[in-house]
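Undergrad: Got a structure for you, model06.txt, holding compact mmCIF, C-alpha atoms and all ligand atoms.
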```txt
# COMPACT_ATOMS: atom_id res chain seq x y z
CA MET A 2 -31.24 36.39 56.00
CA GLU A 3 -31.20 38.29 59.31
CA THR A 4 -27.51 37.59 59.80
CA THR A 5 -26.49 40.10 57.10
CA ALA A 6 -27.07 43.83 56.86
CA LEU A 7 -29.53 44.08 53.99
CA ASN A 8 -30.55 47.09 51.92
CA TYR A 9 -32.45 46.22 48.75
CA PRO A 10 -34.89 43.66 50.24
CA LYS A 11 -36.60 46.57 51.97
CA TYR A 12 -38.03 47.40 48.54
CA PHE A 13 -37.97 44.06 46.75
CA ARG A 14 -39.64 41.59 49.05
CA ILE A 15 -38.85 38.56 46.94
CA ALA A 16 -36.33 35.71 47.04
CA ILE A 17 -34.74 35.03 43.67
CA LYS A 18 -34.70 31.53 42.24
CA GLU A 19 -33.19 32.22 38.84
CA ALA A 20 -32.49 34.90 36.27
CA LYS A 21 -32.34 34.60 32.49
CA GLY A 22 -32.03 37.32 29.87
CA SER A 23 -34.10 40.25 31.07
CA THR A 24 -36.31 38.45 33.58
CA ILE A 25 -36.03 37.14 37.11
CA VAL A 26 -38.09 34.33 38.63
CA ASP A 27 -38.74 34.22 42.37
CA VAL A 28 -39.02 31.10 44.53
CA ASP A 29 -42.82 31.18 44.17
CA GLY A 30 -42.59 31.09 40.38
CA ASN A 31 -43.47 34.78 39.80
CA VAL A 32 -41.70 36.29 36.79
CA PHE A 33 -40.36 39.84 36.98
CA LEU A 34 -39.09 42.11 34.28
CA ASP A 35 -35.65 43.21 35.47
CA TRP A 36 -35.11 46.95 35.05
CA VAL A 37 -32.39 46.96 37.68
CA ALA A 38 -29.92 44.53 36.11
CA GLY A 39 -28.02 44.27 39.41
CA ILE A 40 -27.48 48.07 39.27
CA ALA A 41 -26.38 48.33 35.65
CA VAL A 42 -24.29 45.14 35.78
CA MET A 43 -26.11 42.65 33.55
CA ASN A 44 -25.89 44.76 30.38
CA LEU A 45 -25.90 41.67 28.16
CA GLY A 46 -28.65 40.04 30.19
CA HIS A 47 -28.60 37.35 32.85
CA ASN A 48 -26.99 34.06 31.97
CA ASN A 49 -25.82 35.37 28.61
CA PRO A 50 -24.69 32.31 26.61
CA LEU A 51 -21.61 34.06 25.19
CA VAL A 52 -20.39 35.10 28.64
CA ARG A 53 -21.37 31.81 30.20
CA ARG A 54 -19.43 29.77 27.63
CA ALA A 55 -16.35 31.98 28.05
CA VAL A 56 -16.39 31.55 31.83
CA GLU A 57 -16.97 27.81 31.53
CA ARG A 58 -14.02 27.51 29.16
CA GLN A 59 -11.91 29.46 31.62
CA LEU A 60 -12.98 27.13 34.43
CA ASP A 61 -11.34 24.35 32.45
CA SER A 62 -7.96 26.10 32.40
CA VAL A 63 -7.12 28.41 35.32
CA TRP A 64 -9.26 30.24 37.91
CA HIS A 65 -6.71 32.29 39.77
CA ALA A 66 -3.33 33.43 38.60
CA LEU A 67 -2.23 36.63 40.33
CA GLU A 68 -0.60 38.83 37.70
CA VAL A 69 1.26 36.15 35.88
CA PRO A 70 0.35 36.45 32.20
CA THR A 71 -2.40 34.14 31.02
CA GLU A 72 -3.97 33.79 27.62
CA VAL A 73 -7.20 35.30 28.86
CA ARG A 74 -5.41 38.32 30.28
CA VAL A 75 -3.68 39.02 26.99
CA GLU A 76 -6.91 38.54 25.04
CA PHE A 77 -8.90 40.78 27.36
CA LEU A 78 -6.34 43.58 27.21
CA LYS A 79 -6.16 43.44 23.43
CA LYS A 80 -9.93 43.71 23.10
CA PHE A 81 -10.20 46.36 25.83
CA LYS A 82 -7.61 48.60 24.16
CA GLU A 83 -9.65 48.54 20.95
CA THR A 84 -12.53 50.21 22.80
CA LEU A 85 -10.49 53.28 23.80
CA SER A 86 -9.28 56.40 22.02
CA PHE A 87 -6.00 56.35 23.97
CA ASP A 88 -3.18 53.93 24.43
CA PRO A 89 -3.73 52.68 27.98
CA LYS A 90 -1.87 51.06 30.78
CA VAL A 91 -4.20 49.03 32.94
CA LEU A 92 -4.31 48.41 36.67
CA PHE A 93 -6.73 45.64 37.52
CA THR A 94 -8.85 46.06 40.62
CA THR A 95 -11.82 44.21 42.07
CA THR A 96 -14.71 46.62 42.72
CA GLY A 97 -15.82 50.03 41.50
CA ALA A 98 -14.62 51.73 44.68
CA ASP A 99 -11.27 49.95 44.45
CA ALA A 100 -10.84 51.26 40.89
CA CYS A 101 -11.76 54.82 41.95
CA GLU A 102 -9.30 54.72 44.86
CA ALA A 103 -6.55 53.47 42.60
CA ALA A 104 -7.33 56.20 40.04
CA VAL A 105 -6.91 58.89 42.70
CA LYS A 106 -3.67 57.28 43.83
CA VAL A 107 -2.33 57.44 40.27
CA ALA A 108 -3.31 61.11 39.94
CA ARG A 109 -1.65 61.98 43.26
CA TRP A 110 1.49 60.10 42.37
CA LYS A 111 1.70 61.89 39.04
CA THR A 112 1.09 65.41 40.37
CA ARG A 113 2.46 65.06 43.93
CA ARG A 114 -0.64 66.95 44.98
CA ARG A 115 -3.54 65.68 47.08
CA LYS A 116 -6.93 67.28 46.50
CA VAL A 117 -9.59 66.10 44.10
CA ILE A 118 -12.33 68.21 42.56
CA ALA A 119 -15.51 66.12 42.90
CA PHE A 120 -19.14 66.85 42.15
CA GLU A 121 -22.34 67.28 44.08
CA GLY A 122 -24.30 64.07 43.59
CA ALA A 123 -21.17 62.05 42.80
CA TYR A 124 -20.83 58.43 43.80
CA HIS A 125 -17.42 56.82 43.58
CA GLY A 126 -17.80 54.19 46.33
CA ILE A 127 -18.04 54.16 50.09
CA THR A 128 -14.70 52.75 51.17
CA ALA A 129 -12.55 55.00 53.36
CA GLY A 130 -10.61 56.11 50.27
CA THR A 131 -13.68 57.04 48.20
CA LEU A 132 -16.25 58.16 50.76
CA GLY A 133 -15.04 61.76 50.68
CA LEU A 134 -15.55 61.84 46.92
CA THR A 135 -19.09 60.52 47.20
CA PHE A 136 -21.96 62.90 47.83
CA GLU A 137 -25.20 60.97 47.36
CA SER A 138 -27.62 61.90 50.15
CA GLU A 139 -28.06 58.57 51.89
CA TYR A 140 -24.31 58.25 52.35
CA LYS A 141 -23.55 61.90 53.06
CA ARG A 142 -23.85 61.39 56.78
CA PHE A 143 -20.95 58.90 56.68
CA THR A 144 -18.66 61.17 54.65
CA GLN A 145 -17.90 63.79 57.28
CA PHE A 146 -14.67 62.13 58.42
CA TYR A 147 -13.28 61.84 54.91
CA ASP A 148 -13.94 65.21 53.30
CA ASP A 149 -10.65 67.01 53.79
CA MET A 150 -9.06 66.05 50.46
CA VAL A 151 -12.09 66.92 48.37
CA VAL A 152 -13.17 70.21 46.83
CA ARG A 153 -16.90 69.97 46.10
CA VAL A 154 -18.35 71.68 43.05
CA PRO A 155 -21.85 71.67 41.46
CA TYR A 156 -22.80 69.28 38.64
CA PRO A 157 -24.80 70.86 35.79
CA TYR A 158 -28.19 69.57 36.92
CA THR A 159 -30.30 71.62 34.52
CA PHE A 160 -33.66 70.61 36.06
CA ARG A 161 -32.59 72.14 39.37
CA CYS A 162 -30.16 74.83 38.26
CA ASP A 163 -30.99 78.43 39.23
CA HIS A 164 -28.77 79.87 36.55
CA GLN A 165 -29.77 80.71 33.00
CA ASP A 166 -26.63 79.19 31.60
CA CYS A 167 -26.18 76.15 33.80
CA LEU A 168 -23.24 74.74 31.88
CA ASN A 169 -21.10 77.86 31.96
CA HIS A 170 -22.01 78.59 35.55
CA THR A 171 -20.83 75.11 36.54
CA LEU A 172 -17.63 75.29 34.54
CA GLU A 173 -16.85 78.67 36.10
CA ALA A 174 -17.41 77.17 39.56
CA VAL A 175 -15.00 74.36 38.73
CA ALA A 176 -12.38 76.78 37.40
CA GLU A 177 -12.74 78.94 40.52
CA ALA A 178 -12.36 75.89 42.80
CA VAL A 179 -9.19 74.96 40.93
CA ARG A 180 -7.80 78.49 41.17
CA LEU A 181 -8.43 78.66 44.93
CA ASN A 182 -6.72 75.33 45.56
CA ILE A 183 -4.13 75.37 42.83
CA ASP A 184 -1.18 74.50 45.07
CA ASP A 185 -2.72 71.22 46.05
CA VAL A 186 -5.19 69.97 43.39
CA ALA A 187 -4.32 66.72 41.66
CA ALA A 188 -7.41 65.81 39.68
CA ILE A 189 -10.95 66.41 38.52
CA MET A 190 -13.07 63.29 38.95
CA VAL A 191 -16.36 63.06 37.07
CA GLU A 192 -19.15 60.72 36.04
CA PRO A 193 -20.21 61.40 32.40
CA ILE A 194 -23.81 61.05 33.63
CA LEU A 195 -24.52 61.13 37.36
CA GLY A 196 -25.49 57.60 38.41
CA GLU A 197 -26.45 57.29 42.07
CA GLY A 198 -26.83 61.08 42.12
CA GLY A 199 -29.97 60.90 39.97
CA TYR A 200 -29.28 59.92 36.37
CA VAL A 201 -28.48 63.55 35.63
CA VAL A 202 -27.38 64.13 32.03
CA PRO A 203 -25.12 67.19 31.75
CA PRO A 204 -25.48 69.56 28.80
CA GLU A 205 -23.33 68.80 25.77
CA GLY A 206 -19.92 70.41 26.22
CA PHE A 207 -19.53 69.64 29.94
CA LEU A 208 -16.80 67.03 29.59
CA ARG A 209 -15.03 69.10 26.95
CA GLY A 210 -15.13 72.08 29.33
CA LEU A 211 -13.61 69.98 32.12
CA ARG A 212 -10.96 68.68 29.76
CA GLU A 213 -9.97 72.26 28.95
CA ILE A 214 -9.77 73.20 32.62
CA ALA A 215 -7.67 70.12 33.38
CA ASP A 216 -5.33 70.96 30.48
CA ARG A 217 -5.06 74.62 31.45
CA TRP A 218 -3.94 73.82 35.01
CA ASP A 219 -2.18 70.56 34.34
CA LEU A 220 -4.62 68.45 36.32
CA VAL A 221 -5.46 64.82 35.80
CA MET A 222 -8.95 64.18 34.42
CA ILE A 223 -10.48 61.01 35.85
CA VAL A 224 -13.66 59.74 34.23
CA ASP A 225 -15.64 57.27 36.33
CA GLU A 226 -17.41 54.96 33.87
CA VAL A 227 -18.37 52.38 36.48
CA GLN A 228 -22.10 52.87 35.87
CA THR A 229 -22.16 54.63 32.48
CA GLY A 230 -19.72 52.32 30.72
CA VAL A 231 -19.94 49.08 28.75
CA GLY A 232 -22.59 50.20 26.27
CA ARG A 233 -25.12 51.51 28.77
CA THR A 234 -25.53 54.87 27.00
CA GLY A 235 -25.15 53.60 23.43
CA LYS A 236 -21.38 54.10 23.20
CA VAL A 237 -18.94 51.64 24.75
CA TRP A 238 -17.84 54.44 27.11
CA ALA A 239 -20.11 57.43 27.76
CA HIS A 240 -17.28 59.99 27.55
CA GLN A 241 -17.04 59.07 23.86
CA TRP A 242 -20.23 61.06 23.25
CA GLU A 243 -18.07 64.16 23.66
CA ASN A 244 -15.00 62.83 21.88
CA ILE A 245 -12.72 63.64 24.76
CA THR A 246 -9.78 61.61 25.98
CA PRO A 247 -9.55 61.23 29.75
CA ASP A 248 -6.22 60.76 31.49
CA ILE A 249 -7.66 57.99 33.62
CA MET A 250 -10.83 55.92 33.29
CA CYS A 251 -12.42 53.62 35.89
CA ALA A 252 -14.60 50.68 34.86
CA SER A 253 -16.41 47.99 36.80
CA LYS A 254 -19.98 46.62 37.13
CA ALA A 255 -21.03 45.44 33.61
CA ILE A 256 -17.48 44.69 32.48
CA GLY A 257 -17.54 41.48 34.55
CA SER A 258 -21.22 40.71 33.87
CA GLY A 259 -21.70 39.63 37.47
CA ILE A 260 -18.19 38.28 38.09
CA PRO A 261 -16.41 40.83 40.32
CA MET A 262 -13.90 42.68 38.20
CA SER A 263 -12.80 46.27 37.69
CA LEU A 264 -9.94 48.27 36.31
CA VAL A 265 -8.24 51.60 35.96
CA ALA A 266 -6.96 52.55 32.53
CA TYR A 267 -4.53 55.46 32.36
CA ARG A 268 -2.78 57.11 29.45
CA LYS A 269 0.50 55.34 28.84
CA ASP A 270 2.43 58.62 28.79
CA LEU A 271 0.77 59.96 31.98
CA VAL A 272 3.11 58.49 34.56
CA GLU A 273 5.49 55.64 35.26
CA LEU A 274 4.26 53.76 38.33
CA PRO A 275 6.67 52.04 40.70
CA ARG A 276 6.50 48.31 41.41
CA ALA A 277 3.69 47.25 43.79
CA PHE A 278 1.92 50.57 43.36
CA HIS A 279 -1.50 48.98 43.66
CA LEU A 280 -2.06 45.41 44.79
CA GLY A 281 -4.91 43.08 45.62
CA THR A 282 -4.96 39.30 45.65
CA TYR A 283 -8.00 38.90 43.44
CA ARG A 284 -7.36 41.64 40.93
CA GLY A 285 -7.35 40.55 37.30
CA ASN A 286 -9.08 37.30 38.17
CA PRO A 287 -9.14 35.04 35.07
CA LEU A 288 -12.86 34.28 35.36
CA GLY A 289 -13.61 38.01 35.41
CA LEU A 290 -11.26 38.58 32.48
CA ALA A 291 -12.95 35.79 30.49
CA ALA A 292 -16.33 37.36 31.22
CA GLY A 293 -14.97 40.81 30.35
CA LYS A 294 -13.59 39.70 27.02
CA ALA A 295 -16.91 38.05 26.13
CA VAL A 296 -18.85 41.14 27.20
CA LEU A 297 -16.75 43.41 25.00
CA ASP A 298 -17.12 40.94 22.10
CA GLY A 299 -20.88 41.00 22.66
CA LEU A 300 -21.02 44.79 22.51
CA THR A 301 -21.29 44.90 18.76
CA GLU A 302 -21.90 48.09 16.80
CA GLU A 303 -25.33 46.66 16.04
CA LEU A 304 -26.16 46.34 19.74
CA LEU A 305 -24.86 49.85 20.48
CA GLU A 306 -27.00 51.22 17.66
CA ARG A 307 -29.98 49.39 19.15
CA VAL A 308 -29.28 50.95 22.55
CA ARG A 309 -29.25 54.41 20.97
CA THR A 310 -32.41 54.05 18.89
CA VAL A 311 -34.50 51.96 21.27
CA GLY A 312 -33.27 54.13 24.15
CA GLU A 313 -34.51 57.23 22.36
CA ARG A 314 -37.89 55.62 21.82
CA LEU A 315 -38.08 54.62 25.49
CA ARG A 316 -37.24 58.13 26.63
CA THR A 317 -39.94 59.56 24.36
CA ARG A 318 -42.45 57.06 25.77
CA PHE A 319 -41.51 57.91 29.37
CA GLN A 320 -42.01 61.56 28.50
CA GLU A 321 -45.42 60.80 26.95
CA ILE A 322 -46.41 58.98 30.13
CA ASN A 323 -45.22 62.00 32.09
CA GLU A 324 -47.47 64.26 29.96
CA GLU A 325 -50.47 61.91 29.93
CA VAL A 326 -50.47 60.90 33.58
CA ALA A 327 -48.63 63.67 35.45
CA ASP A 328 -49.27 66.81 33.35
CA GLY A 329 -45.60 66.83 32.36
CA LYS A 330 -44.58 67.75 35.90
CA MET A 331 -41.87 65.09 36.29
CA ASP A 332 -38.45 65.26 34.67
CA VAL A 333 -37.42 62.61 32.15
CA ARG A 334 -33.80 62.46 30.99
CA GLY A 335 -31.26 59.94 29.82
CA LYS A 336 -29.07 58.46 27.15
CA GLY A 337 -29.44 54.98 25.71
CA PHE A 338 -30.62 52.53 28.36
CA MET A 339 -29.80 54.90 31.22
CA ILE A 340 -33.01 56.84 31.83
CA GLY A 341 -34.11 58.73 34.93
CA PHE A 342 -37.66 59.74 35.86
CA GLU A 343 -37.60 62.34 38.63
CA LEU A 344 -40.74 62.48 40.77
CA VAL A 345 -41.79 65.86 42.09
CA ARG A 346 -44.74 67.65 43.64
CA ASP A 347 -45.56 71.27 42.86
CA GLU A 348 -42.67 73.64 42.25
CA LYS A 349 -40.30 70.74 41.66
CA ARG A 350 -40.49 69.69 45.31
CA PRO A 351 -38.81 66.22 45.48
CA TRP A 352 -41.26 63.41 46.11
CA PRO A 353 -39.31 60.50 47.63
CA GLU A 354 -42.48 58.96 49.14
CA GLY A 355 -44.02 58.75 45.67
CA THR A 356 -40.83 57.15 44.40
CA VAL A 357 -40.95 54.40 47.02
CA ALA A 358 -44.68 53.94 46.30
CA MET A 359 -43.81 53.55 42.60
CA ILE A 360 -41.27 50.82 43.36
CA GLY A 361 -44.02 48.93 45.21
CA ALA A 362 -46.66 49.56 42.53
CA LEU A 363 -44.25 48.36 39.83
CA LEU A 364 -43.27 45.28 41.82
CA LYS A 365 -46.98 44.40 42.05
CA ARG A 366 -47.12 44.64 38.25
CA GLY A 367 -44.07 42.41 37.77
CA VAL A 368 -41.42 45.08 37.12
CA LEU A 369 -38.30 45.58 39.23
CA MET A 370 -37.22 49.21 39.17
CA TYR A 371 -34.96 51.04 41.61
CA LYS A 372 -34.35 54.64 42.67
CA CYS A 373 -31.46 57.05 43.02
CA GLY A 374 -30.89 60.79 43.35
CA ILE A 375 -29.65 63.22 45.96
CA HIS A 376 -33.28 63.55 47.09
CA SER A 377 -34.04 59.82 46.61
CA ASN A 378 -36.77 60.73 44.13
CA VAL A 379 -35.52 59.45 40.77
CA LEU A 380 -36.66 56.14 39.30
CA ARG A 381 -33.95 54.75 37.10
CA PHE A 382 -34.30 52.53 34.09
CA MET A 383 -31.21 50.32 33.68
CA ALA A 384 -32.56 47.16 32.04
CA PRO A 385 -30.28 44.76 30.15
CA LEU A 386 -29.42 46.26 26.75
CA THR A 387 -30.71 43.08 25.15
CA THR A 388 -34.29 43.30 26.54
CA PRO A 389 -36.75 42.48 23.72
CA GLU A 390 -38.93 45.38 22.63
CA GLY A 391 -42.16 43.53 23.47
CA LEU A 392 -41.05 43.21 27.10
CA LEU A 393 -39.99 46.86 27.19
CA ASP A 394 -43.47 47.89 26.00
CA ARG A 395 -45.06 45.70 28.63
CA GLY A 396 -42.90 47.38 31.26
CA LEU A 397 -43.82 50.85 30.00
CA ASP A 398 -47.53 50.01 30.24
CA ALA A 399 -46.94 48.81 33.81
CA PHE A 400 -45.07 52.05 34.52
CA ALA A 401 -47.97 54.18 33.25
CA SER A 402 -50.48 52.18 35.25
CA ALA A 403 -48.34 52.33 38.42
CA LEU A 404 -47.93 56.09 38.08
CA ARG A 405 -51.69 56.50 37.69
CA GLU A 406 -52.21 54.51 40.90
CA VAL A 407 -49.59 56.43 42.88
CA LEU A 408 -50.90 59.81 41.74
CA SER A 409 -54.54 58.95 42.45
N1 LIG B 1 -18.61 54.69 40.72
C1 LIG B 1 -19.86 54.73 40.24
C2 LIG B 1 -20.20 55.72 39.18
C3 LIG B 1 -20.85 53.86 40.74
O1 LIG B 1 -22.09 53.94 40.26
C4 LIG B 1 -20.49 52.93 41.74
C5 LIG B 1 -21.49 51.96 42.31
N2 LIG B 1 -22.82 52.28 42.24
C6 LIG B 1 -19.16 52.93 42.20
C7 LIG B 1 -18.25 53.80 41.67
C8 LIG B 1 -18.73 51.97 43.27
O2 LIG B 1 -18.72 50.67 42.80
P1 LIG B 1 -18.73 49.44 43.84
O3 LIG B 1 -20.13 49.38 44.41
O4 LIG B 1 -18.41 48.24 43.02
O5 LIG B 1 -17.71 49.73 44.86
```
Starting from the file, give its structure as structure tokens.
Ligand code: PMP
TA:
Amino acid sequence: METTALNYPKYFRIAIKEAKGSTIVDVDGNVFLDWVAGIAVMNLGHNNPLVRRAVERQLDSVWHALEVPTEVRVEFLKKFKETLSFDPKVLFTTTGADACEAAVKVARWKTRRRKVIAFEGAYHGITAGTLGLTFESEYKRFTQFYDDMVVRVPYPYTFRCDHQDCLNHTLEAVAEAVRLNIDDVAAIMVEPILGEGGYVVPPEGFLRGLREIADRWDLVMIVDEVQTGVGRTGKVWAHQWENITPDIMCASKAIGSGIPMSLVAYRKDLVELPRAFHLGTYRGNPLGLAAGKAVLDGLTEELLERVRTVGERLRTRFQEINEEVADGKMDVRGKGFMIGFELVRDEKRPWPEGTVAMIGALLKRGVLMYKCGIHSNVLRFMAPLTTPEGLLDRGLDAFASALREVLS
């Protein structure tokens, strides 16, 4: 273990033996409820039989095929297109950051301009090509060498916004940033809900407002659905809550259900890309495509409806716990199975120490839960969308008990 640079084991001092559905078993036989899901990757649960069978079938035919058409590639693309409101062209990539880099490349090629409007709290990866776009606090110290192509604007973080009308204030700031940089802005890049930045849900109308700004100044609108996508919020893609059509969309994480796979989908009429515009040996890997097709098949309207209704119930319960245990001081927000619980002291002072203590107190009670946020003080619920309600209730009881302990 010491030979690699590790991050998560600092908080989860366990070694995993196996994972099934919504639980994880460690090498000592302890069973944990998984509210991390590999950072919103295992949306259909660990070892999902549908996904497993699809990958196994693919293992019997071809594992690696570059971009030469395969049956699985055709099938995936057909299914994927059905999930979108626009007719896409697709560039396959391998990771979330790879997809975000490629999306920016497409926007720059189309506009022949360089800068990207990106948000406070954004996370689009930490490769050299995405680090400038990323803001999340822990990584901010690495971004200084990569900032020159990025114009940073506020995200409508209503819990921490000083302005009466947070939405309009933010949209005005975006419009002003565009105006000041108009000669060189290519794109606006946005997460429909901030992921690493704190599970911040913007007010209704935010994406529509950005769409209008992009249209007014002929900019490319890039929606990063790496964390919000694949049913996590109760729609296949979170931007569909606002009925907007992005010019480019990035997807990764849950689309491969644990098999590395990502993509950029751009509007067919946006731009004609030259040959070899974006390459990568492993992109469009058949095993990932098989998993992706099965995942999209598994995202039935029934499951999405479950995510919306059960998600609403969960959010209400988190809020009740907030009232009962913490006098309503914390902030609870979310959509579907993407719920944030922001821990604060008096006057909304961020409480990162309490957040780390909660991770430990939950671990002791058999629940894996991780944090995020620009102040590292938001606990995020990102369990598999298939988690049975009984297990969710058990986790909520553990959450209430852990919060009581940490606040005592
Ligand atoms: N975009 C978003 C919204 C993300 O949440 C992440 C990862 N947390 C990324 C991009 C980067 O993905 P990857 O870690 O696969 O590079």
Undergrad: Within 9 Å of ligand LIG 1 (chain B) (counting only C-alpha atoms and all ligand atoms), which residues show up? I'd like them as a PyMOL selection string.
TA: chain A and resi 40-41+95-101+123-128+131+135+191-198+225-229+251-254+261-263
Undergrad: Could you give me, as CSV, every range 11-65 of chain A residue with an atom at most 6 Å from range 384-402 of chain A, plus its closest atom pair and distance in Å to one decimal, counting only C-alpha atoms, rows ordered by chain then number?
TA:
```
residue,atom,partner,partner_atom,distance
A:Ser23,CA,A:Thr388,CA,5.5
A:Trp36,CA,A:Ala384,CA,4.0
A:Val37,CA,A:Ala384,CA,5.6
A:Ala38,CA,A:Ala384,CA,5.5
A:Met43,CA,A:Pro385,CA,5.8
A:Asn44,CA,A:Pro385,CA,4.4
A:Leu45,CA,A:Pro385,CA,5.7
A:Gly46,CA,A:Pro385,CA,5.0
```
Undergrad: Excluding range 241-249 of chain A and its own-chain neighbours fewer than 6 positions away, which residues fall within 6 Å of it when counting all atoms listed in the file? Please give them as a list in words.
TA: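 Here the qualifying residues turn out to be Val221, Met222, Ile223, Ala266, Tyr267 and Arg268 of chain A.
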Undergrad: If you measure from CA of Leu78 in chain A to CA of Val296 in chain A, what distance in Å do you get, rounded to one decimal?
TA: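 Answer for the CA of Leu78 in chain A to CA of Val296 in chain A separation: 12.7 Å.
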Undergrad: As an exercise, work out the distance from CA of Thr171 in chain A to CA of Pro155 in chain A in Å and give it to one decimal place.
TA: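 So the answer is 6.1 Å.
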Undergrad: Around all of range 46-56 of chain A's listed atoms, make the axis-aligned box with 5 Å on each side and tell me centre and edge lengths in Å to one decimal, as JSON.
TA:
```
{"center_x": -22.5, "center_y": 34.9, "center_z": 29.0, "size_x": 22.3, "size_y": 20.3, "size_z": 17.7}
```
Undergrad: Quick one: everything within 8 Å of Leu211 in chain A, counting only C-alpha atoms, minus sequence neighbours fewer than 3 positions away in the same chain. Send it as a list in words.
TA: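 Listed by chain and then number, they are Leu172, Ile189, Phe207, Leu208, Ile214, Ala215 and Met222 of chain A.
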Undergrad: Dump C-alpha atoms for the selected residues as a short mmCIF file (atom, residue, chain, number, x, y, z; two decimals), in the frame of the given file?
TA:
```
data_model
loop_
_atom_site.label_atom_id
_atom_site.label_comp_id
_atom_site.auth_asym_id
_atom_site.auth_seq_id
_atom_site.Cartn_x
_atom_site.Cartn_y
_atom_site.Cartn_z
CA LEU A 172 -17.63 75.29 34.54
CA ILE A 189 -10.95 66.41 38.52
CA PHE A 207 -19.53 69.64 29.94
CA LEU A 208 -16.80 67.03 29.59
CA ILE A 214 -9.77 73.20 32.62
CA ALA A 215 -7.67 70.12 33.38
CA MET A 222 -8.95 64.18 34.42
#
```
Undergrad: Can you work out which one of A:Arg284, A:Lys294, A:Arg74, A:Arg180 has the shortest atom-to-atom distance to Trp218 in chain A, counting all atoms listed in the file?
TA: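 Ranking A:Arg284, A:Lys294, A:Arg74, A:Arg180 by distance to Trp218 in chain A, first place goes to A:Arg180.
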Undergrad: For range 309-322 of chain A, find every residue with an atom within 6 Å (counting only C-alpha atoms), except residues of its own chain fewer than 5 positions away, and show them as a list in words.
TA: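 Result of the neighbour search: Gly235, Val333, Gly337, Phe338 and Ala401 of chain A.
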Undergrad: Between CA of Val201 in chain A and CA of Ile118 in chain A, what is the spacing in Å?
TA: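 Here the two named atoms are 18.2 Å from each other.
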Undergrad: Return range 297-311 of chain A, completed with N, CA and C atoms, as a PDB file, in the coordinates of the input.
TA:
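The file below, selection_4.pdb, is the result:
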```pdb
ATOM      1  N   LEU A 297     -17.181  42.433  26.010  1.00  0.00           N
ATOM      2  CA  LEU A 297     -16.750  43.410  25.000  1.00  0.00           C
ATOM      3  C   LEU A 297     -16.975  42.865  23.586  1.00  0.00           C
ATOM      4  N   ASP A 298     -16.797  41.542  23.415  1.00  0.00           N
ATOM      5  CA  ASP A 298     -17.120  40.940  22.100  1.00  0.00           C
ATOM      6  C   ASP A 298     -18.602  41.095  21.802  1.00  0.00           C
ATOM      7  N   GLY A 299     -19.416  40.942  22.838  1.00  0.00           N
ATOM      8  CA  GLY A 299     -20.880  41.000  22.660  1.00  0.00           C
ATOM      9  C   GLY A 299     -21.402  42.402  22.405  1.00  0.00           C
ATOM     10  N   LEU A 300     -20.587  43.398  22.723  1.00  0.00           N
ATOM     11  CA  LEU A 300     -21.020  44.790  22.510  1.00  0.00           C
ATOM     12  C   LEU A 300     -20.758  45.196  21.069  1.00  0.00           C
ATOM     13  N   THR A 301     -21.506  44.631  20.185  1.00  0.00           N
ATOM     14  CA  THR A 301     -21.290  44.900  18.760  1.00  0.00           C
ATOM     15  C   THR A 301     -21.822  46.282  18.403  1.00  0.00           C
ATOM     16  N   GLU A 302     -21.390  46.787  17.266  1.00  0.00           N
ATOM     17  CA  GLU A 302     -21.900  48.090  16.800  1.00  0.00           C
ATOM     18  C   GLU A 302     -23.417  48.023  16.623  1.00  0.00           C
ATOM     19  N   GLU A 303     -23.888  46.855  16.226  1.00  0.00           N
ATOM     20  CA  GLU A 303     -25.330  46.660  16.040  1.00  0.00           C
ATOM     21  C   GLU A 303     -26.075  46.814  17.377  1.00  0.00           C
ATOM     22  N   LEU A 304     -25.514  46.222  18.431  1.00  0.00           N
ATOM     23  CA  LEU A 304     -26.160  46.340  19.740  1.00  0.00           C
ATOM     24  C   LEU A 304     -26.118  47.794  20.227  1.00  0.00           C
ATOM     25  N   LEU A 305     -24.977  48.450  20.031  1.00  0.00           N
ATOM     26  CA  LEU A 305     -24.860  49.850  20.480  1.00  0.00           C
ATOM     27  C   LEU A 305     -25.871  50.730  19.738  1.00  0.00           C
ATOM     28  N   GLU A 306     -26.029  50.461  18.456  1.00  0.00           N
ATOM     29  CA  GLU A 306     -27.000  51.220  17.660  1.00  0.00           C
ATOM     30  C   GLU A 306     -28.411  50.976  18.211  1.00  0.00           C
ATOM     31  N   ARG A 307     -28.673  49.729  18.576  1.00  0.00           N
ATOM     32  CA  ARG A 307     -29.980  49.390  19.150  1.00  0.00           C
ATOM     33  C   ARG A 307     -30.203  50.181  20.448  1.00  0.00           C
ATOM     34  N   VAL A 308     -29.162  50.234  21.271  1.00  0.00           N
ATOM     35  CA  VAL A 308     -29.280  50.950  22.550  1.00  0.00           C
ATOM     36  C   VAL A 308     -29.621  52.418  22.294  1.00  0.00           C
ATOM     37  N   ARG A 309     -28.992  52.985  21.266  1.00  0.00           N
ATOM     38  CA  ARG A 309     -29.250  54.410  20.970  1.00  0.00           C
ATOM     39  C   ARG A 309     -30.676  54.615  20.456  1.00  0.00           C
ATOM     40  N   THR A 310     -31.096  53.785  19.496  1.00  0.00           N
ATOM     41  CA  THR A 310     -32.410  54.050  18.890  1.00  0.00           C
ATOM     42  C   THR A 310     -33.555  53.604  19.811  1.00  0.00           C
ATOM     43  N   VAL A 311     -33.429  52.409  20.373  1.00  0.00           N
ATOM     44  CA  VAL A 311     -34.500  51.960  21.270  1.00  0.00           C
ATOM     45  C   VAL A 311     -34.520  52.854  22.520  1.00  0.00           C
TER      46      VAL A 311
END
```
